[in-house]
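K.L.:
Next comes the structure file upload_15.txt, holding compact mmCIF, C-alpha atoms.
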# COMPACT_ATOMS: atom_id res chain seq x y z
CA MET A 1 -14.24 11.99 12.90
CA ILE A 2 -14.36 13.06 9.24
CA ILE A 3 -17.23 11.59 7.22
CA PRO A 4 -17.12 12.44 3.49
CA THR A 5 -20.58 12.28 1.90
CA PHE A 6 -22.40 12.58 -1.38
CA ASN A 7 -26.07 11.56 -1.54
CA GLU A 8 -26.01 9.52 1.67
CA GLU A 9 -29.51 10.21 2.97
CA GLU A 10 -30.07 6.48 3.65
CA ASN A 11 -27.04 6.18 5.94
CA ILE A 12 -25.97 9.52 7.34
CA ALA A 13 -28.23 9.72 10.39
CA ALA A 14 -27.41 6.14 11.37
CA ILE A 15 -23.63 6.53 11.02
CA ILE A 16 -23.60 9.79 13.03
CA GLY A 17 -25.67 8.09 15.72
CA ALA A 18 -23.38 5.06 15.76
CA VAL A 19 -20.21 7.16 16.03
CA ASN A 20 -21.66 9.28 18.82
CA GLU A 21 -22.70 6.15 20.70
CA VAL A 22 -19.15 4.80 20.45
CA PHE A 23 -17.85 8.12 21.74
CA ARG A 24 -20.28 8.01 24.68
CA GLN A 25 -19.59 4.39 25.64
CA ASN A 26 -15.82 4.86 25.56
CA GLY A 27 -15.57 8.29 27.15
CA ILE A 28 -14.14 9.89 24.01
CA ARG A 29 -14.73 13.61 23.54
CA GLY A 30 -14.97 13.74 19.77
CA GLU A 31 -16.23 15.94 16.98
CA ILE A 32 -18.09 14.61 13.93
CA LEU A 33 -17.33 16.63 10.81
CA VAL A 34 -19.46 15.82 7.77
CA MET A 35 -17.79 16.94 4.53
CA ASP A 36 -20.53 16.96 1.90
CA ASP A 37 -20.01 17.36 -1.86
CA ASP A 38 -23.23 19.35 -2.35
CA SER A 39 -25.55 16.33 -2.22
CA LYS A 40 -28.72 16.48 -4.29
CA ASP A 41 -30.79 14.31 -1.94
CA ARG A 42 -31.70 15.08 1.71
CA THR A 43 -28.22 14.46 3.16
CA ILE A 44 -27.53 18.14 3.89
CA GLU A 45 -30.96 18.70 5.45
CA ILE A 46 -30.61 15.64 7.69
CA VAL A 47 -27.15 16.64 8.94
CA GLN A 48 -28.28 20.21 9.58
CA GLU A 49 -31.12 18.89 11.73
CA ILE A 50 -28.76 16.60 13.69
CA ALA A 51 -26.20 19.41 14.13
CA GLY A 52 -28.93 21.54 15.67
CA GLN A 53 -29.37 18.87 18.34
CA HIS A 54 -25.72 17.91 18.95
CA ASP A 55 -22.94 20.42 19.64
CA ASN A 56 -20.25 18.04 18.39
CA VAL A 57 -21.69 17.62 14.88
CA ARG A 58 -20.66 20.04 12.11
CA LEU A 59 -21.44 20.19 8.40
CA ILE A 60 -19.35 21.71 5.63
CA VAL A 61 -20.92 21.76 2.16
CA ARG A 62 -18.33 21.87 -0.61
CA LYS A 63 -19.53 23.58 -3.78
CA ASP A 64 -16.43 23.06 -5.93
CA ASP A 65 -13.67 20.53 -6.64
CA HIS A 66 -15.75 17.55 -5.61
CA GLY A 67 -14.16 14.21 -4.73
CA LEU A 68 -13.69 11.97 -1.73
CA SER A 69 -9.99 12.72 -1.31
CA GLN A 70 -10.52 16.44 -1.72
CA SER A 71 -13.28 16.33 0.90
CA VAL A 72 -11.07 14.52 3.39
CA VAL A 73 -8.12 16.89 2.89
CA GLU A 74 -10.36 19.92 3.40
CA GLY A 75 -11.70 18.17 6.49
CA PHE A 76 -8.16 17.81 7.83
CA GLY A 77 -7.84 21.59 7.75
CA ALA A 78 -11.28 22.30 9.21
CA ALA A 79 -11.23 19.76 12.04
CA ARG A 80 -10.45 20.95 15.55
CA SER A 81 -9.01 17.80 17.07
CA ALA A 82 -5.40 16.67 17.48
CA ILE A 83 -6.41 13.21 16.20
CA LEU A 84 -8.15 12.92 12.83
CA GLN A 85 -10.00 9.81 11.68
CA VAL A 86 -11.77 9.04 8.41
CA ILE A 87 -14.75 6.70 8.14
CA ASP A 88 -17.21 5.96 5.33
CA ALA A 89 -20.84 6.95 5.74
CA ASP A 90 -22.17 3.62 4.48
CA PHE A 91 -21.07 1.34 7.36
CA SER A 92 -18.37 -0.29 5.23
CA HIS A 93 -16.11 0.55 8.19
CA PRO A 94 -17.25 -0.69 11.63
CA PRO A 95 -17.66 2.26 14.05
CA GLU A 96 -17.12 -0.04 17.05
CA LEU A 97 -13.40 -0.17 16.19
CA ILE A 98 -12.95 3.59 16.60
CA PRO A 99 -11.55 3.24 20.16
CA ARG A 100 -8.73 0.99 18.87
CA PHE A 101 -7.63 3.69 16.41
CA TYR A 102 -7.86 6.33 19.14
CA GLU A 103 -5.76 4.22 21.53
CA ALA A 104 -3.16 3.43 18.84
CA ILE A 105 -2.54 7.13 18.21
CA GLN A 106 -2.57 7.90 21.93
CA ASP A 107 0.03 5.18 22.42
CA GLY A 108 2.44 6.85 19.98
CA ALA A 109 1.60 5.77 16.42
CA ASP A 110 1.58 8.52 13.80
CA ILE A 111 -0.95 6.64 11.65
CA ALA A 112 -3.43 3.87 12.51
CA ILE A 113 -4.67 1.96 9.45
CA GLY A 114 -7.64 -0.36 9.17
CA SER A 115 -6.49 -3.38 7.15
CA ARG A 116 -8.63 -5.80 5.20
CA TYR A 117 -5.65 -7.95 4.25
CA MET A 118 -3.82 -8.71 7.50
CA ARG A 119 -4.73 -11.64 9.75
CA GLY A 120 -8.20 -11.00 11.13
CA GLY A 121 -9.26 -8.74 8.24
CA ASN A 122 -11.58 -9.67 5.40
CA ILE A 123 -13.99 -8.38 2.76
CA GLU A 124 -17.61 -9.45 2.65
CA ASP A 125 -20.09 -9.48 -0.23
CA TRP A 126 -17.82 -8.20 -2.99
CA PRO A 127 -18.13 -9.45 -6.58
CA LEU A 128 -15.04 -11.03 -8.14
CA LYS A 129 -14.35 -8.03 -10.42
CA ARG A 130 -14.22 -5.60 -7.53
CA ARG A 131 -12.01 -7.95 -5.49
CA VAL A 132 -9.55 -8.22 -8.37
CA ILE A 133 -9.43 -4.42 -8.80
CA SER A 134 -8.89 -3.94 -5.08
CA LEU A 135 -6.14 -6.57 -4.90
CA GLY A 136 -4.43 -4.99 -7.90
CA ALA A 137 -4.56 -1.54 -6.35
CA THR A 138 -3.29 -2.91 -3.05
CA ALA A 139 -0.42 -4.77 -4.71
CA PHE A 140 0.59 -1.61 -6.57
CA GLY A 141 0.42 0.38 -3.35
CA ARG A 142 2.59 -2.16 -1.55
CA MET A 143 5.33 -1.52 -4.08
CA LEU A 144 5.51 1.95 -2.56
CA PHE A 145 4.80 0.93 1.05
CA PRO A 146 5.76 -2.75 1.39
CA GLU A 147 5.41 -2.89 5.17
CA ILE A 148 1.75 -1.86 5.04
CA THR A 149 -0.73 -4.59 4.11
CA ASP A 150 -3.56 -2.23 3.09
CA PRO A 151 -2.14 1.12 1.92
CA VAL A 152 -5.34 1.94 0.01
CA SER A 153 -7.65 1.58 3.02
CA GLY A 154 -10.23 4.29 3.55
CA PHE A 155 -10.47 3.62 7.29
CA PHE A 156 -7.59 5.29 9.13
CA ALA A 157 -6.57 7.83 11.77
CA VAL A 158 -3.62 10.23 11.92
CA ARG A 159 -2.05 12.76 14.21
CA ARG A 160 -2.72 16.28 13.04
CA GLU A 161 1.04 16.82 12.67
CA VAL A 162 1.15 14.15 9.95
CA VAL A 163 -0.95 16.22 7.53
CA ALA A 164 -0.50 19.76 8.83
CA GLY A 165 1.38 21.63 6.13
CA ALA A 166 1.95 18.48 4.08
CA PRO A 167 1.81 19.12 0.29
CA LEU A 168 -1.14 16.77 -0.26
CA ALA A 169 -2.44 16.60 -3.83
CA PRO A 170 -5.75 14.75 -3.40
CA ARG A 171 -7.26 12.85 -6.32
CA GLY A 172 -9.76 10.02 -6.56
CA TYR A 173 -10.60 7.74 -3.65
CA LYS A 174 -7.26 6.59 -2.18
CA ILE A 175 -6.54 9.44 0.20
CA LEU A 176 -4.46 7.26 2.54
CA MET A 177 -1.90 6.76 -0.23
CA GLU A 178 -1.54 10.53 -0.44
CA VAL A 179 -1.05 10.81 3.31
CA LEU A 180 1.53 8.03 3.30
CA GLY A 181 3.35 9.47 0.31
CA ARG A 182 3.45 13.13 1.30
CA GLY A 183 2.67 13.29 5.01
CA TRP A 184 5.12 13.64 7.90
CA TRP A 185 5.10 10.26 9.64
CA GLU A 186 7.44 7.60 10.97
CA THR A 187 5.39 4.99 12.83
CA PHE A 188 2.18 3.19 11.96
CA VAL A 189 -0.11 0.53 13.39
CA GLU A 190 -2.50 -1.67 11.41
CA ILE A 191 -5.82 -2.81 12.84
CA PRO A 192 -7.67 -5.69 11.15
CA PHE A 193 -11.29 -5.14 10.20
CA ILE A 194 -13.94 -6.81 8.08
CA PHE A 195 -15.02 -4.59 5.22
CA LYS A 196 -18.74 -4.84 4.53
CA ASP A 197 -20.26 -3.62 1.29
CA ARG A 198 -22.51 -0.61 1.68
CA GLU A 199 -25.79 -1.31 3.44
CA GLU A 200 -27.90 1.30 1.65
CA GLY A 201 -27.52 3.38 -1.51
CA GLU A 202 -25.36 2.88 -4.56
CA SER A 203 -21.61 2.41 -4.85
CA LYS A 204 -19.85 5.36 -6.47
CA LEU A 205 -16.95 3.36 -7.91
CA ARG A 206 -16.42 4.65 -11.47
CA ALA A 207 -14.51 3.27 -14.42
CA ASP A 208 -11.93 6.05 -14.26
CA THR A 209 -11.09 5.38 -10.61
CA MET A 210 -8.13 3.18 -11.55
CA VAL A 211 -6.74 5.83 -13.89
CA ASP A 212 -6.90 8.41 -11.11
CA TYR A 213 -5.17 5.98 -8.80
CA LEU A 214 -2.31 5.31 -11.20
CA LYS A 215 -1.85 9.05 -11.71
CA GLN A 216 -1.80 9.48 -7.96
CA CYS A 217 0.88 6.80 -7.55
CA ALA A 218 2.97 8.43 -10.27
CA GLY A 219 2.64 11.78 -8.52
CA ILE A 220 3.76 10.26 -5.22
CA VAL A 221 6.84 8.74 -6.88
CA ARG A 222 7.70 12.04 -8.58
CA PHE A 223 7.35 13.84 -5.26
CA ALA A 224 9.60 11.31 -3.53
CA VAL A 225 12.26 11.57 -6.25
CA ALA A 226 12.18 15.37 -6.16
CA ARG A 227 12.46 15.43 -2.37
CA ARG A 228 14.87 12.49 -2.20
CA SER A 229 13.57 11.47 1.19
CA GLY A 230 10.70 9.61 2.78
CA PRO A 231 9.59 5.97 2.71
CA VAL A 232 8.82 5.88 -1.04
CA TRP A 233 12.26 7.23 -1.95
CA THR A 234 13.91 4.74 0.39
CA GLU A 235 11.99 1.80 -1.07
CA TRP A 236 12.49 2.71 -4.71
CA THR A 237 16.18 3.25 -4.08
CA LYS A 238 16.34 -0.36 -2.95
CA ILE A 239 14.33 -1.56 -5.97
CA VAL A 240 16.67 0.23 -8.39
CA ARG A 241 19.74 -1.12 -6.61
CA PHE A 242 18.29 -4.63 -6.63
CA GLY A 243 17.71 -4.30 -10.38
CA LEU A 244 21.26 -3.06 -11.03
CA VAL A 245 22.66 -5.95 -9.02
CA GLY A 246 20.52 -8.30 -11.08
CA LEU A 247 21.98 -6.83 -14.28
CA SER A 248 25.50 -7.38 -12.93
CA GLY A 249 24.52 -10.99 -12.26
CA ILE A 250 23.48 -11.42 -15.88
CA LEU A 251 26.89 -10.16 -17.01
CA VAL A 252 28.65 -12.53 -14.61
CA ASN A 253 26.48 -15.41 -15.81
CA MET A 254 27.06 -14.77 -19.52
CA GLY A 255 30.77 -14.12 -19.08
CA LEU A 256 31.37 -17.27 -17.08
CA LEU A 257 29.25 -19.38 -19.41
CA TYR A 258 31.38 -18.26 -22.36
CA ALA A 259 34.70 -18.57 -20.54
CA LEU A 260 34.04 -22.01 -19.04
CA THR A 261 32.66 -23.39 -22.30
CA GLU A 262 34.90 -21.80 -24.91
CA VAL A 263 38.13 -21.34 -22.93
CA ALA A 264 38.05 -24.07 -20.27
CA GLY A 265 36.35 -26.56 -22.59
CA LEU A 266 33.61 -27.66 -20.17
CA TYR A 267 30.31 -29.11 -21.37
CA TYR A 268 27.95 -26.15 -21.77
CA LEU A 269 25.37 -27.45 -19.27
CA VAL A 270 28.07 -27.85 -16.64
CA SER A 271 29.30 -24.36 -17.46
CA ALA A 272 25.74 -23.04 -17.17
CA ALA A 273 25.24 -24.60 -13.74
CA ILE A 274 28.49 -23.10 -12.44
CA ALA A 275 27.70 -19.71 -14.02
CA ILE A 276 24.23 -19.62 -12.49
CA GLU A 277 25.54 -20.44 -9.01
CA LEU A 278 28.35 -17.89 -9.15
CA SER A 279 25.99 -15.21 -10.46
CA ILE A 280 23.75 -15.93 -7.45
CA VAL A 281 26.78 -15.52 -5.17
CA ASN A 282 27.62 -12.24 -6.92
CA ASN A 283 24.08 -10.96 -6.49
CA PHE A 284 23.94 -11.96 -2.83
CA VAL A 285 27.19 -10.22 -1.95
CA TRP A 286 26.22 -6.94 -3.62
CA ASN A 287 22.68 -6.98 -2.22
CA ASP A 288 23.99 -7.73 1.27
CA LEU A 289 26.61 -4.97 1.13
CA TRP A 290 24.71 -2.36 -0.91
CA THR A 291 21.00 -2.85 -1.58
CA PHE A 292 20.02 -3.90 1.94
CA LYS A 293 22.93 -2.37 3.83
CA SER A 294 20.48 -1.10 6.48
CA VAL A 295 20.27 -4.70 7.72
CA ARG A 296 23.44 -4.50 9.80
CA ASP A 297 23.59 -7.99 11.32
CA LEU A 298 27.11 -8.92 10.19
CA ARG A 299 27.43 -12.11 12.20
CA PHE A 300 28.74 -15.00 10.09
CA GLY A 301 25.86 -17.29 11.01
CA ARG A 302 23.24 -14.72 10.07
CA ARG A 303 24.96 -14.07 6.74
CA ILE A 304 24.95 -17.78 5.97
CA GLN A 305 21.22 -17.87 6.77
CA ARG A 306 20.61 -14.91 4.46
CA PHE A 307 22.64 -16.55 1.69
CA LEU A 308 20.72 -19.83 1.95
CA SER A 309 17.43 -17.91 1.91
CA PHE A 310 18.58 -15.91 -1.12
CA GLN A 311 19.62 -19.13 -2.86
CA VAL A 312 16.18 -20.69 -2.37
CA VAL A 313 14.39 -17.53 -3.49
CA SER A 314 16.61 -17.26 -6.57
CA MET A 315 15.87 -20.86 -7.53
CA GLY A 316 12.18 -20.07 -7.13
CA GLY A 317 12.61 -17.07 -9.40
CA LEU A 318 14.34 -19.25 -11.99
CA ILE A 319 11.47 -21.74 -11.92
CA ILE A 320 8.95 -18.89 -12.27
CA ASN A 321 10.88 -17.44 -15.20
CA MET A 322 11.07 -20.77 -17.02
CA GLY A 323 7.46 -21.61 -16.23
CA ILE A 324 6.15 -18.34 -17.64
CA LEU A 325 8.42 -18.67 -20.67
CA TYR A 326 7.03 -22.14 -21.40
CA LEU A 327 3.42 -21.15 -20.70
CA LEU A 328 3.43 -18.03 -22.86
CA ALA A 329 5.61 -19.36 -25.68
CA ASP A 330 4.45 -22.98 -26.03
CA ILE A 331 0.87 -22.79 -24.74
CA VAL A 332 -0.27 -19.26 -25.58
CA GLY A 333 1.92 -18.84 -28.67
CA ILE A 334 3.64 -15.56 -27.75
CA TYR A 335 7.03 -14.86 -29.35
CA TYR A 336 9.62 -16.49 -27.11
CA LEU A 337 11.70 -13.34 -26.49
CA VAL A 338 8.60 -11.43 -25.37
CA ALA A 339 7.57 -14.40 -23.24
CA ASN A 340 11.02 -14.52 -21.67
CA LEU A 341 10.90 -10.80 -20.88
CA ALA A 342 7.55 -11.31 -19.12
CA GLY A 343 9.09 -14.16 -17.15
CA ILE A 344 12.06 -12.03 -16.16
CA LEU A 345 9.82 -9.22 -14.92
CA VAL A 346 7.62 -11.53 -12.85
CA ALA A 347 10.67 -13.34 -11.47
CA PHE A 348 12.23 -9.98 -10.57
CA ALA A 349 9.08 -8.96 -8.67
CA TRP A 350 9.11 -12.33 -6.88
CA ASN A 351 12.80 -12.13 -6.01
CA TYR A 352 12.60 -8.59 -4.67
CA ALA A 353 9.38 -9.02 -2.68
CA VAL A 354 10.34 -12.30 -1.02
CA ASN A 355 13.91 -11.26 -0.28
CA ARG A 356 12.70 -7.90 1.01
CA HIS A 357 10.35 -9.54 3.52
CA PHE A 358 12.24 -12.71 4.46
CA THR A 359 15.94 -12.65 3.54
CA TRP A 360 16.73 -9.08 4.60
CA VAL A 361 14.19 -8.39 7.32
CA GLU A 362 14.63 -4.97 8.89
CA THR A 363 13.99 -4.98 12.60
Could you write out this file's structure as structure tokens?
P.N.:
Amino acid sequence: MIIPTFNEEENIAAIIGAVNEVFRQNGIRGEILVMDDDSKDRTIEIVQEIAGQHDNVRLIVRKDDHGLSQSVVEGFGAARSAILQVIDADFSHPPELIPRFYEAIQDGADIAIGSRYMRGGNIEDWPLKRRVISLGATAFGRMLFPEITDPVSGFFAVRREVVAGAPLAPRGYKILMEVLGRGWWETFVEIPFIFKDREEGESKLRADTMVDYLKQCAGIVRFAVARRSGPVWTEWTKIVRFGLVGLSGILVNMGLLYALTEVAGLYYLVSAAIAIELSIVNNFVWNDLWTFKSVRDLRFGRRIQRFLSFQVVSMGGLIINMGILYLLADIVGIYYLVANLAGILVAFAWNYAVNRHFTWVET
């Protein structure tokens, strides 16, 4: 159990005691490794005293390169166990769930992740600003790892093999993102938990945390592109393909609109309706054969179901696009071309996310 600390004198004795009690009650032989960033309060002294009384408690004081992620990564290397778990010192993460993480890894998962956003998870006592920041970070993380509901969780466990030798480049607070982006894993399990704001002490969330996070995400994407493998590379390959198919649909739409109106002599609204529908058919065919080719259910009935789902999602994207265009151009007063671009981007995100999770479901 890796516990990163910095000035946690109010909590550290209690969290060590709680973790050890969970170990005792569940028959788990576990080590508690406190990774301290050279605290200026009594944290170090308290842990040293506890370590003198318990053989399974160790303290490592880090003098340089301070940071939560750096502490955890160094803890990965210093820990002696085959299963490594991270937990906050401030009781934001419930120690009583530790056995569920332990069992998940024992049952074959490479990573067990505590999720605040799946059914059964929640966040208590957070101000609106912090909730918005967390949701934004989570949404951004899900662009890289769409199957994981809480890729920025700080409460997780991994097999040692996942991080052993992995080229982790820790930065900021979102160490799980680094493990997911650069670690050696295939399977994961999510465990719902209720996140509680720290019981004692002061939150260390800084204004530059989001900047560090965005840099971390960019680094993960660069790593995936350079390696051309892994879950991030696989997902972004699909996103790029989905975008290229969308561009082909625009060409089909514009070409048909012109041909049906100027050559065939149809009323332009009739031409537009036909062009939109045929561009949707074009996009579906290419996405089914190319973007999501890993979904190999080729039965006619299943393809019809996917097409109908894609049709509904596309209509939803069209409504979103037009709604944002109207809202930004007519209500807010933004130049209509800029407003339309914003609508296209949001509609693209909608179309990809919903189709990714409902139309082409990978089983």
K.L.:
Could you work out how far atom CA of Gln48 of chain A lies from atom CA of Phe6 of chain A, giving the answer in Å with one decimal?
P.N.:
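Atom CA of Gln48 of chain A lies at a distance of 14.6 Å from atom CA of Phe6 of chain A.
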K.L.:
Give me the residues near Leu325 of chain A as a PyMOL selection string, where near means some atom within 8 Å (using all atoms listed in the file) and where sequence neighbours in that chain fewer than 6 positions away do not count.
P.N.:
chain A and resi 336+339-340+342-343
K.L.:
Using all atoms listed in the file, determine which residues lie at most 9 Å from Leu84 of chain A, disregarding the query and same-chain residues fewer than 4 positions distant; provide the list as an MDAnalysis selection string.
P.N.:
chainID A and resid 1:2 75:76 79:80 156:160
K.L.:
What's the 10 Å shell around segment 253-265 of chain A, counting all atoms listed in the file, without same-chain residues fewer than 6 positions away, as a ChimeraX atom specification?
P.N.:
/A:247,271-280,282
K.L.:
How many Å separate atom CA of Thr149 of chain A from atom CA of Ala109 of chain A?
P.N.:
16.3 Å
